[in-house]
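Peer 1: Let me give you the structure first, and then I'll get to my questions.
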2 protein chains.
Amino acid sequence: MKTVNFIFGIHNHQPVGNFDFVIEDAFLKSYLPFIEVVEEFPNLHISFHFSGCLLEWLEDNHPDYLDRIARLVKRGNIEIISGGFFEPVLAMIPDRDKIGQIKMLNDYIKKRFNYEAKGLWLTERVWEPGLAKPIAEAGIEYITVDDYHFLGAGKNEDELIGSFITEEQGYPLNIFPINQNLRYAIPFKDPNETIEYLRKFVSEDGTNAIVMADDGEKFGVWPGTYDVVFKKNWLRYFFRKLDENSDWLKTTTFKKYHSKVPPIGRIYLPTASYFEMSEWSLPGDVGEKFETHIHKFEDEGIFDEVKPFFKGGMWRNFLYIYDESNWMQKRMQHLSNRVDVFNETKLTTKTKKIYDEAKYHMWKSSCNCTYWHGIFGGLYLPHLRHAVYQELIMCEKLMDELEGKKHFALEIYDLDLDGHDEIMVTNYDIQAVISPFKGGIIEELVLRNKKFNLLNTLKRYKESYHKKVQLAGKEKDDSGSIHDLVMAKEEGLEEYLNYDFHPRKMLTDHFIKETVTLEQFQKTEYYEDSDFLDGEYDVEYNRKSKKVVLKRDGWVNWQKFFVKKEICFRKDHIEINYLLKNTGDVKNSFRFGPEFNFSMLGGNTPDRYYFSRDKIIKMPALISKEIEKNICSLGVASDFDGFKVEIKSNELTEFWRFPIETVSLSESGFEKVYQSSVIMPLYQLNLNPGEETNLKIRINFSEK
Amino acid sequence: MKTVNFIFGIHNHQPVGNFDFVIEDAFLKSYLPFIEVVEEFPNLHISFHFSGCLLEWLEDNHPDYLDRIARLVKRGNIEIISGGFFEPVLAMIPDRDKIGQIKMLNDYIKKRFNYEAKGLWLTERVWEPGLAKPIAEAGIEYITVDDYHFLGAGKNEDELIGSFITEEQGYPLNIFPINQNLRYAIPFKDPNETIEYLRKFVSEDGTNAIVMADDGEKFGVWPGTYDVVFKKNWLRYFFRKLDENSDWLKTTTFKKYHSKVPPIGRIYLPTASYFEMSEWSLPGDVGEKFETHIHKFEDEGIFDEVKPFFKGGMWRNFLYIYDESNWMQKRMQHLSNRVDVFNETKLTTKTKKIYDEAKYHMWKSSCNCTYWHGIFGGLYLPHLRHAVYQELIMCEKLMDELEGKKHFALEIYDLDLDGHDEIMVTNYDIQAVISPFKGGIIEELVLRNKKFNLLNTLKRYKESYHKKVQLAGKEKDDSGSIHDLVMAKEEGLEEYLNYDFHPRKMLTDHFIKETVTLEQFQKTEYYEDSDFLDGEYDVEYNRKSKKVVLKRDGWVNWQKFFVKKEICFRKDHIEINYLLKNTGDVKNSFRFGPEFNFSMLGGNTPDRYYFSRDKIIKMPALISKEIEKNICSLGVASDFDGFKVEIKSNELTEFWRFPIETVSLSESGFEKVYQSSVIMPLYQLNLNPGEETNLKIRINFSEK
């Protein structure tokens, strides 16, 4: 009898830093009920991948669930698929960490489920040709990616009926194509349609294999699916149909199939992920063009033909598009280098423990979700970024301990690999990274004992979907109703579509005209008459006096100008001494504002607020904007995280304060997200030729 | 004054194995006169890359030319760019060889020109993200690729006015985009147009850089260019214009610019080469579709907008499309592993010399030109493939010497990384690779003392441009004239568009009906009533008796059938014993023909011919086809390479002989290329159920 193999794979994952209640919800709606249905079918074969971070959570919260999985493995129903333990996009971490994280999950699977994992779930199916080698070196024999990858490599759809073999530098790896038709049909169409579709692939020798593999959250967590899949028994019915047709329709796992049937051909795949990712990974304006072409092809009815050749960006584009994503990734990579330098064999029992812990946190910081943005929040979610920084900070502290770092250290690295050195200063519990090239700013400011990066900020970037937000706003004005296709969590989002041309960090040196209002400044609807904002500063430093001095000759109001800023590190504060000098030929009048950002994680909660000296500015909260006049102090406090930070000026002045809020896409529609609070003391200055002035500003840190 | 930097790069290369007279012609028409013009301009800055293989040729044939280059370097006019020594596509060789070959050229440049090369010419601009690391590890700081690579990464054309920084696993590399407008304008348009184009990019700070870098052969070797560039003085005039505008138009080198101006941003580039390569690297039928879309976009006038997103294949596709390219590349990779296993430090002076020589030949075999096919012959040229095999064979012999291999060895490897083991037998001067999985064929057969792979054959593949050849044929019939766009070196090429469904190797087991003619067989216009042609054979071997035994149960004429073939290695011949058995229920009648191919390098030369016993069949030559009846011997001889090989049957039979000829694109148009000569003894068999028969065939090797 003619038969066909059907391989069904499920990938379950929750990001590092996600809220407990969200994961619990996914557990109850999807992970648990899915397994309950599987238990009813003793002849079913199915492949499961759980990310390591989800496994850790399950171990802590529902260890019995993992026992049930183990029983299904023992019963022979389930293959367990490995992967990078913390679900990193493999292309963004060094090879040694790819191998290390995969082996970590292999080991866990062996220990917990008594199973030899030979397959790997490729995070977000982000493929690069170089990956075959480290994946194979980690003991993996096969992976699965989308059929789109194969079509993009010049294969025809009808050839995708088994596995293919690729290699890198002689290391072989088998790759299974995921069938898109099934990915769209399951669990949305009648199971009988899928059965009939599979029937097309039967053959005499029975070696054909059709693969469906996708997120487990599609079964219960995605809107409306819990009802269909479990309440209305879609899944149970589907499995029953598979069972009924088991004479010709063989459910199998990747592993069983791989052990029996050789690859049907060689393949080399280009840099690719699923089609949508190729769109998301383009910069906003280019993404808009990409989408326009797609719509045209769709209108002409030729999109399916064009699609194999129509390719957007690659995943690593996120690293050049979003400075903040790059910063986290390069910090992780830099820590990986520090970890790597330590030769494991030379460690004592005690230092080995610290070393392992440091590596654990470094690996944990690589969980992919925070480093990119598609239709889920991702990079736009401050709490996810915060979780990454927490891991980075914990790793860094442990490595400092291993390396015997003193309470003060000043180090020079090109931390973000932009071709320019940064200066990292560690002073007791404060750690600051200064970037002379990018306007002499403080780019990272960490409260080490709080594991808190105050500069976990995000610039307001243009996203291709902002066009839809604007359209929705307009249509509302015209017709009073929001466009069907656009779901916005609140109205008036189009008002928040402002874009930043400079990083939202600290010591960004603004020179602004008298006429510029706070409103204009916040919306970046003004022109800066100066080149200090993103100019390169010369840098000197003095370890003894714990001082970094930044100097720059530039121009303000088309006149030559000179700025010097000294950043002096003290135990519980940072002193900043500005020297501003008119080096031009005529009098120069302007307002000078050094900008400070604070990413407080919550903008509109009662436990985060502004204060001036000891006076708490509770209402409005951190998302309010205001000009505070004639004061010499303005700060932010977080009762939740237990700290306050105050910006103190040596003279009475005007302080501007306002939030940076982004508009981004989430699974439930467009939403406004609080990113940081800006505090900017503003000084009115009139300088004659040759005249200079000094400004003293302190950043005071204290516990709450 | 506002200024702009203009970086002009020239890449000169000739393939390993190219004919001397061809290289001499390129020298006289391009390499020499170009430098003569450069010498006239003491203020000009220009960057040059010469591949190592071309440098070796120049050193042997025109050492004074290299002295002149050295003087220009000393005078400060020229930057010398490095690269993989033998111009390999970097993605197709192991990292250690990438680094080794780049350092080899760095060292040569240092020694010969007293110059520290910091730039690299990326062979065929074939980029993969993983390359940044090994390139940086070889001491390289920057490369240049097409603007198409950057557009494909989501950059806009107007951003491409300097260098960008990328990284892999923390290893940074700067990348310059090549301006396509200039690449099309130089040397084809009026130099004044280029000057005016460059003027658009002047800026106050003078940091913009526009790059033109391309093949040196465009200046003199390409059709018509010698006349324009040198006789009509295009180049001299262009350089004079650059000189005249030197107040604002600064000619510079990559190196000088790189040392002064930092990168303007970060970038990650996808797998890419220039646009045309993305088309060439698609399989024939998919390439046809790709082209159809391009024509549509061009007709609609939207091609330029779509192009950044419209991407064909990647270079490594050639390895899955052409089995013969893959075979050479995997053989090279396998030898690289063998070389790598030897730890250099443990070598004595004597063995070090052998080791270095082996590595040299292995590296030399990686010259890219032979491994792919675009609009030049490339893989389709037997003499280029032969040159690659010569290097591979020399490396292999040296490694055998180092490893102390005996006169007989039988080794099992998955040589071509298709997931199935091959058997490599070395017996005195004969080396054979047997592939049980692919029909139990001999896939490589080397005369080691002649450095000659008799199975340097090529299947007839479908190419996307064959459509044009067919069209030309048709139009000729209709109107008597060949279509303007198609240049064919001879008429009637469409008759040769036959495609092979099996490899053109040895011991391909054909079972063909009585009615199939030689003509049909040659054109593969027949149906094979059997599954032995590409079936998987079981394999056993006996080292003592130097024997490999292949067995298979399959079917012939829809009846069960069994084939056993013993391949026995003797000092100057190979004995093949076939056992054919009817395992079905009814009588089975058929013709059995084991196919032998010989790639003799020349099909129509007086020094290569067929012979039977000692009777020479001089006319017609190896490209003739014929049925020779009632003989027991047919062979091929090459007076040129000094060997003869005879296929000897133990009984009088019929021999078919005919050439395999391909139709491919070369720089001067479509051409027919002789690839191999087929010799096939044909046996008429009638077997009752359970009946078996034995056939003995010998392959005799002898010197000429």
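In the structure tokens, chains take the letters A, B, ... in the order shown, each chain's residues start at 1, and ligands count up from 1 in the order shown.
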Can you tell me which residues surround Tyr108 of chain A at a distance of at most 12 Å, considering only C-alpha atoms, apart from same-chain residues fewer than 4 positions away, and format the answer as a list in words?
Peer 2: Phe50, Ser51, Gly52, Cys53, Leu55, Glu56, Glu59, Leu66, Ile80, Ile81, Ser82, Gly83, Gly84, Phe85, Gln101, Ile102, Lys103, Met104, Arg112, Phe113, Asn114, Tyr115, Glu116 and Ala117 of chain A
Peer 1: Can you tell me, as a PyMOL selection string, what residues are no more than 6 Å from Thr426 of chain A when counting only C-alpha atoms, ignoring any on the same chain fewer than 4 positions away?
Peer 2: chain A and resi 408-409+430-431
Peer 1: Might you pull out every residue within 10 Å of Leu685 of chain B, with only C-alpha atoms counted and same-chain residues fewer than 2 positions away left off, and present them as a list in words?
Peer 2: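 Returned residues: Leu580, Asn588, Ser589, Phe590, Arg591, Phe592, Leu682, Tyr683, Leu687, Asn688, Glu692 and Thr693 of chain B.
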Peer 1: Those residues with N, CA and C atoms, as a PDB file, in the first residue's frame please?
Peer 2:
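Dumped everything to result_22.pdb:
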```
ATOM      1  N   LEU B 580      24.167 -11.363 -13.592  1.00  0.00           N
ATOM      2  CA  LEU B 580      22.814 -10.851 -13.786  1.00  0.00           C
ATOM      3  C   LEU B 580      21.858 -12.012 -13.614  1.00  0.00           C
ATOM      4  N   ASN B 588      12.767 -13.040 -19.088  1.00  0.00           N
ATOM      5  CA  ASN B 588      13.079 -11.618 -19.197  1.00  0.00           C
ATOM      6  C   ASN B 588      14.113 -11.409 -20.304  1.00  0.00           C
ATOM      7  N   SER B 589      13.736 -10.631 -21.313  1.00  0.00           N
ATOM      8  CA  SER B 589      14.650 -10.357 -22.437  1.00  0.00           C
ATOM      9  C   SER B 589      14.949  -8.868 -22.500  1.00  0.00           C
ATOM     10  N   PHE B 590      16.202  -8.531 -22.739  1.00  0.00           N
ATOM     11  CA  PHE B 590      16.586  -7.115 -22.748  1.00  0.00           C
ATOM     12  C   PHE B 590      18.011  -6.992 -23.256  1.00  0.00           C
ATOM     13  N   ARG B 591      18.420  -5.773 -23.469  1.00  0.00           N
ATOM     14  CA  ARG B 591      19.820  -5.516 -23.747  1.00  0.00           C
ATOM     15  C   ARG B 591      20.436  -4.866 -22.512  1.00  0.00           C
ATOM     16  N   PHE B 592      21.570  -5.378 -22.101  1.00  0.00           N
ATOM     17  CA  PHE B 592      22.248  -4.811 -20.932  1.00  0.00           C
ATOM     18  C   PHE B 592      23.496  -4.071 -21.411  1.00  0.00           C
ATOM     19  N   LEU B 682      27.251  -3.756 -25.418  1.00  0.00           N
ATOM     20  CA  LEU B 682      25.827  -4.022 -25.285  1.00  0.00           C
ATOM     21  C   LEU B 682      25.573  -5.518 -25.450  1.00  0.00           C
ATOM     22  N   TYR B 683      24.895  -6.105 -24.482  1.00  0.00           N
ATOM     23  CA  TYR B 683      24.694  -7.549 -24.484  1.00  0.00           C
ATOM     24  C   TYR B 683      23.210  -7.873 -24.601  1.00  0.00           C
ATOM     25  N   LEU B 687      16.760 -14.336 -20.220  1.00  0.00           N
ATOM     26  CA  LEU B 687      16.941 -15.140 -19.016  1.00  0.00           C
ATOM     27  C   LEU B 687      15.606 -15.702 -18.543  1.00  0.00           C
ATOM     28  N   ASN B 688      15.599 -17.049 -18.351  1.00  0.00           N
ATOM     29  CA  ASN B 688      14.416 -17.687 -17.784  1.00  0.00           C
ATOM     30  C   ASN B 688      14.362 -17.391 -16.285  1.00  0.00           C
ATOM     31  N   GLU B 692      20.744 -17.239 -14.500  1.00  0.00           N
ATOM     32  CA  GLU B 692      21.694 -16.150 -14.336  1.00  0.00           C
ATOM     33  C   GLU B 692      22.769 -16.231 -15.403  1.00  0.00           C
ATOM     34  N   THR B 693      23.450 -15.134 -15.603  1.00  0.00           N
ATOM     35  CA  THR B 693      24.530 -15.139 -16.591  1.00  0.00           C
ATOM     36  C   THR B 693      25.690 -14.299 -16.064  1.00  0.00           C
TER      37      THR B 693
END
```
Peer 1: Considering only C-alpha atoms, extract the chain A residues located within 6 Å of chain B and return them as a PyMOL selection string.
Peer 2: chain A and resi 94+130+153-154+169+266-268+270-271+282+309-313+317+320
Peer 1: For the atom pair atom CA of Asp304 of chain B and atom CA of Glu463 of chain A, what is the interatomic distance in Å to one decimal place?
Peer 2: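 Atom CA of Glu463 of chain A lies 23.3 Å from atom CA of Asp304 of chain B.
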Peer 1: Which of segment 542-664 of chain A end up as strand (DSSP E) when DSSP is run on this backbone - answer as a ChimeraX atom specification?
Peer 2: /A:542,547-556,559-569,573-582,588-598,608-612,615-617,626-638,643-664
